[in-house]
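J.: Below you will find the structure I want to go over with you.
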Amino acid sequence: MDIYESWLEKQRKNLGGEALRRLNEGHAHNEKLFVHNLWLPAVGNLDFLHAEYEVTNFRDGFFYLDFAYIRPPYLINWEVDDFSSHAKLVTRRSFEYERERQNQLILNGWQIYRFPLDAIKEKPRRCQQLIQQVLGKLYGGGVTTDVKLSLKQREILRFATQIQRPFMPQEICELLAIKGQHAWKLLHELVQFELLLPTSGSSRIRTYRLGDMAIQRHIRL
């Protein structure tokens with residue numbers, strides 16, 4: 001199982017309802033091309049990327065995003081546009097809906113970047129460069145100092161800084177007097193922010209250490 005299939009399987013475990021149906025039935029060839037032709041060559045990993053991401057709209061319904069990149073403090077929507085499909089299926093109503101959807105997403109703080117399928121196939125390097133330019137401008141190649149950490153997360157980082165060795169989740173449970181699931185959530189978010197790194201285990205992480213980004217950015221504790 002390659003990195004893309006493994007990522008998809010993890011996505012399925014975290015989705016349900018319409019989002020899961022869309023992932024199983026609609027996330028296919030075009031989306032796979034985006035990941036393999038553009039994203040992985042440009043970024044190198046699938047961290048922070050979510051498929052068929054569900055966003056509540058102003059009518060109490062949902063919008064579904066091809067790819068959502070959720071890395072504080074920004075929200076980015078990457079869309080794959082197939083001209084042939086859009087040309088065949090577009091109606092006045094669907095045309096209006098797509099514009100309304102995009103306006104609402106922008107209003108809610110999303111940045112939107114669209115890639116024509118033809119460009120993904122024929123001009124992948126140009127598309128890769130756009131992805132790199134966007135992420136470089138927003139994040140500067142590292143974790144933004146604007147990331148907002150909870151008091152418990154700051155305590156975890158302080159602990160990791162002091163001990164200077166890999167530590168187990170159980171140690172965090174004892175440190176903060178919290179249960180395992182709560183500790184896992186805090187640790188998982190810190191890994192997503194690249195402030196902690198897993199040091200053992202793959203599907204089930206057993207130990208963590210302070211991440212290089214936390215050291216380089218001198219996160220204020």
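Residue numbering restarts at 1 for every chain of the structure tokens, chains are lettered A, B, ... in their displayed order, and ligands are numbered from 1 as they appear.
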To test your reading of the structure, identify every residue in region 30-84 of chain A that backbone DSSP assigns to strand (DSSP E or B), and report it as a list in words.
T.: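 Answer for region 30-84 of chain A restricted to strand (DSSP E or B) is Leu49, His50, Ala51, Glu52, Tyr53, Glu54, Val55, Thr56, Phe62, Phe63, Tyr64, Leu65, Asp66, Phe67, Ala68, Tyr69, Ile70, Arg71, Tyr74, Leu75, Ile76, Asn77, Trp78, Glu79, Val80 and Asp81 of chain A.
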J.: Can you tell me, as a ChimeraX atom specification, what residues are no more than 12 Å from Leu130 (chain A) when counting only C-alpha atoms, ignoring any on the same chain fewer than 3 positions away?
T.: /A:38-39,42-43,78,113-115,119-120,123-127,133-137
J.: Report as a PyMOL selection string all protein, DNA and RNA residues lying within 10 Å of Lys179 (chain A), evaluated on only C-alpha atoms, omitting residues in the same chain fewer than 6 positions from it.
T.: chain A and resi 169-170+172-173
J.: Excluding same-chain residues fewer than 3 positions from Glu31 (chain A), what lies within 10 Å of it counting only C-alpha atoms, as a list of chain:residue names?
T.: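 The residues that qualify are A:Gly26, A:His27, A:Ala28, A:Phe34, A:Val35, A:His36, A:Asn37, A:Ala51, A:Asp66, A:Phe67, A:Glu79, A:Val80, A:Asp81, A:Leu117.
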J.: In region 139-214 of chain A, what's helix (DSSP H, G or I) per DSSP? Answer as number ranges by chain?
T.: A: 139, 151-163, 169-176, 180-192, 212-214
J.: Since we have the selection now, will you write its residues out, keeping C-alpha atoms, as an mmCIF file, in the first residue's frame?
T.:
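Contents of part28.cif, as written:
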data_model
loop_
_atom_site.group_PDB
_atom_site.id
_atom_site.type_symbol
_atom_site.label_atom_id
_atom_site.label_comp_id
_atom_site.auth_asym_id
_atom_site.auth_seq_id
_atom_site.Cartn_x
_atom_site.Cartn_y
_atom_site.Cartn_z
ATOM 1 C CA TYR A 139 4.273 29.299 6.265
ATOM 2 C CA LEU A 151 -1.981 25.617 28.318
ATOM 3 C CA LYS A 152 -1.768 21.824 28.385
ATOM 4 C CA GLN A 153 0.121 21.761 25.078
ATOM 5 C CA ARG A 154 2.574 24.336 26.389
ATOM 6 C CA GLU A 155 3.097 22.174 29.456
ATOM 7 C CA ILE A 156 3.848 19.199 27.207
ATOM 8 C CA LEU A 157 6.427 21.188 25.247
ATOM 9 C CA ARG A 158 7.986 22.504 28.448
ATOM 10 C CA PHE A 159 8.218 18.939 29.740
ATOM 11 C CA ALA A 160 9.783 17.740 26.463
ATOM 12 C CA THR A 161 12.305 20.586 26.577
ATOM 13 C CA GLN A 162 13.314 19.808 30.151
ATOM 14 C CA ILE A 163 13.769 16.048 29.866
ATOM 15 C CA PRO A 169 1.862 9.295 26.380
ATOM 16 C CA GLN A 170 1.408 7.777 29.828
ATOM 17 C CA GLU A 171 3.891 10.309 31.176
ATOM 18 C CA ILE A 172 1.686 13.098 29.822
ATOM 19 C CA CYS A 173 -1.360 11.510 31.446
ATOM 20 C CA GLU A 174 0.438 11.601 34.788
ATOM 21 C CA LEU A 175 1.878 15.079 34.212
ATOM 22 C CA LEU A 176 -1.487 16.676 33.376
ATOM 23 C CA GLY A 180 -5.218 8.581 27.504
ATOM 24 C CA GLN A 181 -7.572 9.779 24.749
ATOM 25 C CA HIS A 182 -7.198 13.402 25.832
ATOM 26 C CA ALA A 183 -3.407 13.043 25.933
ATOM 27 C CA TRP A 184 -3.384 11.451 22.478
ATOM 28 C CA LYS A 185 -5.398 14.351 21.032
ATOM 29 C CA LEU A 186 -3.004 16.945 22.464
ATOM 30 C CA LEU A 187 0.046 15.025 21.253
ATOM 31 C CA HIS A 188 -1.450 14.440 17.794
ATOM 32 C CA GLU A 189 -2.075 18.178 17.337
ATOM 33 C CA LEU A 190 1.500 18.991 18.379
ATOM 34 C CA VAL A 191 2.784 16.480 15.829
ATOM 35 C CA GLN A 192 0.589 18.128 13.171
ATOM 36 C CA ASP A 212 13.161 20.523 15.380
ATOM 37 C CA MET A 213 10.628 23.227 14.498
ATOM 38 C CA ALA A 214 9.955 23.901 18.172
#
J.: For Ile205 (chain A), find every residue with an atom within 9 Å (counting only C-alpha atoms), except residues of its own chain fewer than 4 positions away, and show them as a ChimeraX atom specification.
T.: /A:168-169,198-201
J.: What is the distance between CA of Tyr69 (chain A) and CA of Phe48 (chain A), in Å to one decimal?
T.: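 These two atoms are separated by 5.4 Å.
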J.: Measuring atom to atom with only C-alpha atoms, identify which of A:Leu20, A:Ile76, A:Val55, A:Ala68 is nearest to Gln104 (chain A).
T.: A:Val55
J.: Tell me which of A:Leu15, A:Leu65, A:Leu195, A:Leu8 sits closest to Trp110 (chain A), counting only C-alpha atoms.
T.: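 Among the listed residues, A:Leu65 lies closest to Trp110 (chain A).
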J.: So that I can check the surroundings of Asn14 (chain A), please list as a list in words every protein, DNA and RNA residue that reaches within 12 Å of it, counting only C-alpha atoms and ignoring chain neighbours fewer than 3 positions away.
T.: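 Near Asn14 (chain A), the qualifying residues are Trp7, Leu8, Glu9, Lys10, Gln11, Gly17, Ala19, Leu20, Leu23, His50, Ala51, Glu52, Tyr53 and Glu54 of chain A.
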J.: Please dump the current selection as a short mmCIF file (atom, residue, chain, number, x, y, z; two decimals), in the first residue's frame; keep all heavy atoms.
T.:
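Final output, saved to selection_8.cif:
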data_model
loop_
_atom_site.label_atom_id
_atom_site.label_comp_id
_atom_site.auth_asym_id
_atom_site.auth_seq_id
_atom_site.Cartn_x
_atom_site.Cartn_y
_atom_site.Cartn_z
N TRP A 7 -3.01 6.94 3.14
CA TRP A 7 -3.66 8.20 3.55
C TRP A 7 -5.16 8.13 3.34
O TRP A 7 -5.94 8.56 4.21
CB TRP A 7 -3.04 9.33 2.73
CG TRP A 7 -3.67 10.67 2.86
CD1 TRP A 7 -3.54 11.55 3.89
CD2 TRP A 7 -4.55 11.31 1.91
NE1 TRP A 7 -4.27 12.68 3.64
CE2 TRP A 7 -4.89 12.57 2.44
CE3 TRP A 7 -5.05 10.92 0.68
CZ2 TRP A 7 -5.72 13.45 1.76
CZ3 TRP A 7 -5.87 11.80 -0.01
CH2 TRP A 7 -6.20 13.05 0.53
N LEU A 8 -5.60 7.57 2.21
CA LEU A 8 -7.03 7.42 1.94
C LEU A 8 -7.70 6.56 3.00
O LEU A 8 -8.81 6.86 3.46
CB LEU A 8 -7.25 6.79 0.56
CG LEU A 8 -7.34 7.71 -0.66
CD1 LEU A 8 -7.70 6.89 -1.88
CD2 LEU A 8 -8.35 8.83 -0.45
N GLU A 9 -7.03 5.48 3.38
CA GLU A 9 -7.61 4.58 4.38
C GLU A 9 -7.78 5.29 5.72
O GLU A 9 -8.80 5.13 6.40
CB GLU A 9 -6.71 3.35 4.54
CG GLU A 9 -7.32 2.23 5.37
CD GLU A 9 -8.65 1.74 4.80
OE1 GLU A 9 -8.81 1.71 3.56
OE2 GLU A 9 -9.54 1.40 5.62
N LYS A 10 -6.83 6.11 6.08
CA LYS A 10 -6.95 6.89 7.32
C LYS A 10 -8.10 7.89 7.21
O LYS A 10 -8.82 8.13 8.19
CB LYS A 10 -5.64 7.62 7.60
CG LYS A 10 -4.51 6.71 8.03
CD LYS A 10 -3.23 7.50 8.28
CE LYS A 10 -2.08 6.59 8.67
NZ LYS A 10 -0.81 7.36 8.86
N GLN A 11 -8.26 8.47 6.02
CA GLN A 11 -9.36 9.42 5.80
C GLN A 11 -10.71 8.72 6.01
O GLN A 11 -11.62 9.26 6.64
CB GLN A 11 -9.29 9.98 4.39
CG GLN A 11 -8.05 10.78 4.07
CD GLN A 11 -8.04 12.16 4.67
OE1 GLN A 11 -8.97 12.94 4.51
NE2 GLN A 11 -6.99 12.46 5.40
N GLY A 17 -21.16 9.26 6.70
CA GLY A 17 -22.25 9.89 5.97
C GLY A 17 -21.88 10.27 4.55
O GLY A 17 -21.20 9.53 3.84
N ALA A 19 -19.84 12.57 3.39
CA ALA A 19 -18.41 12.76 3.12
C ALA A 19 -17.74 11.44 2.79
O ALA A 19 -16.91 11.35 1.88
CB ALA A 19 -17.73 13.42 4.32
N LEU A 20 -18.09 10.38 3.52
CA LEU A 20 -17.52 9.07 3.25
C LEU A 20 -17.99 8.54 1.90
O LEU A 20 -17.20 7.96 1.14
CB LEU A 20 -17.90 8.09 4.37
CG LEU A 20 -17.37 6.66 4.21
CD1 LEU A 20 -15.84 6.66 4.14
CD2 LEU A 20 -17.86 5.79 5.37
N LEU A 23 -16.06 10.27 -0.76
CA LEU A 23 -14.69 9.78 -0.82
C LEU A 23 -14.62 8.44 -1.54
O LEU A 23 -13.74 8.21 -2.37
CB LEU A 23 -14.11 9.65 0.59
CG LEU A 23 -12.64 9.24 0.67
CD1 LEU A 23 -11.75 10.29 0.05
CD2 LEU A 23 -12.22 8.99 2.12
N HIS A 50 -6.71 16.98 3.72
CA HIS A 50 -7.93 16.21 3.95
C HIS A 50 -8.74 16.13 2.66
O HIS A 50 -8.90 17.12 1.95
CB HIS A 50 -8.79 16.86 5.04
CG HIS A 50 -8.05 17.07 6.32
ND1 HIS A 50 -8.11 16.17 7.36
CD2 HIS A 50 -7.24 18.08 6.73
CE1 HIS A 50 -7.36 16.62 8.35
NE2 HIS A 50 -6.82 17.77 8.00
N ALA A 51 -9.26 14.94 2.36
CA ALA A 51 -10.07 14.74 1.15
C ALA A 51 -11.55 14.85 1.47
O ALA A 51 -12.00 14.44 2.54
CB ALA A 51 -9.78 13.36 0.56
N GLU A 52 -12.32 15.40 0.52
CA GLU A 52 -13.79 15.53 0.67
C GLU A 52 -14.14 16.14 2.03
O GLU A 52 -14.98 15.63 2.76
CB GLU A 52 -14.46 14.17 0.48
CG GLU A 52 -14.26 13.57 -0.89
CD GLU A 52 -14.78 14.44 -2.02
OE1 GLU A 52 -15.75 15.18 -1.79
OE2 GLU A 52 -14.21 14.38 -3.12
N TYR A 53 -13.48 17.24 2.34
CA TYR A 53 -13.65 17.87 3.65
C TYR A 53 -15.01 18.57 3.74
O TYR A 53 -15.40 19.32 2.84
CB TYR A 53 -12.54 18.88 3.90
CG TYR A 53 -12.48 19.40 5.31
CD1 TYR A 53 -11.96 18.62 6.33
CD2 TYR A 53 -12.97 20.66 5.62
CE1 TYR A 53 -11.91 19.08 7.63
CE2 TYR A 53 -12.92 21.14 6.91
CZ TYR A 53 -12.39 20.34 7.91
OH TYR A 53 -12.36 20.81 9.20
N GLU A 54 -15.71 18.34 4.81
CA GLU A 54 -17.07 18.83 4.99
C GLU A 54 -17.07 20.18 5.70
O GLU A 54 -16.50 20.31 6.79
CB GLU A 54 -17.87 17.80 5.79
CG GLU A 54 -19.35 18.05 5.86
CD GLU A 54 -20.08 16.91 6.57
OE1 GLU A 54 -20.05 16.87 7.82
OE2 GLU A 54 -20.66 16.07 5.88
#
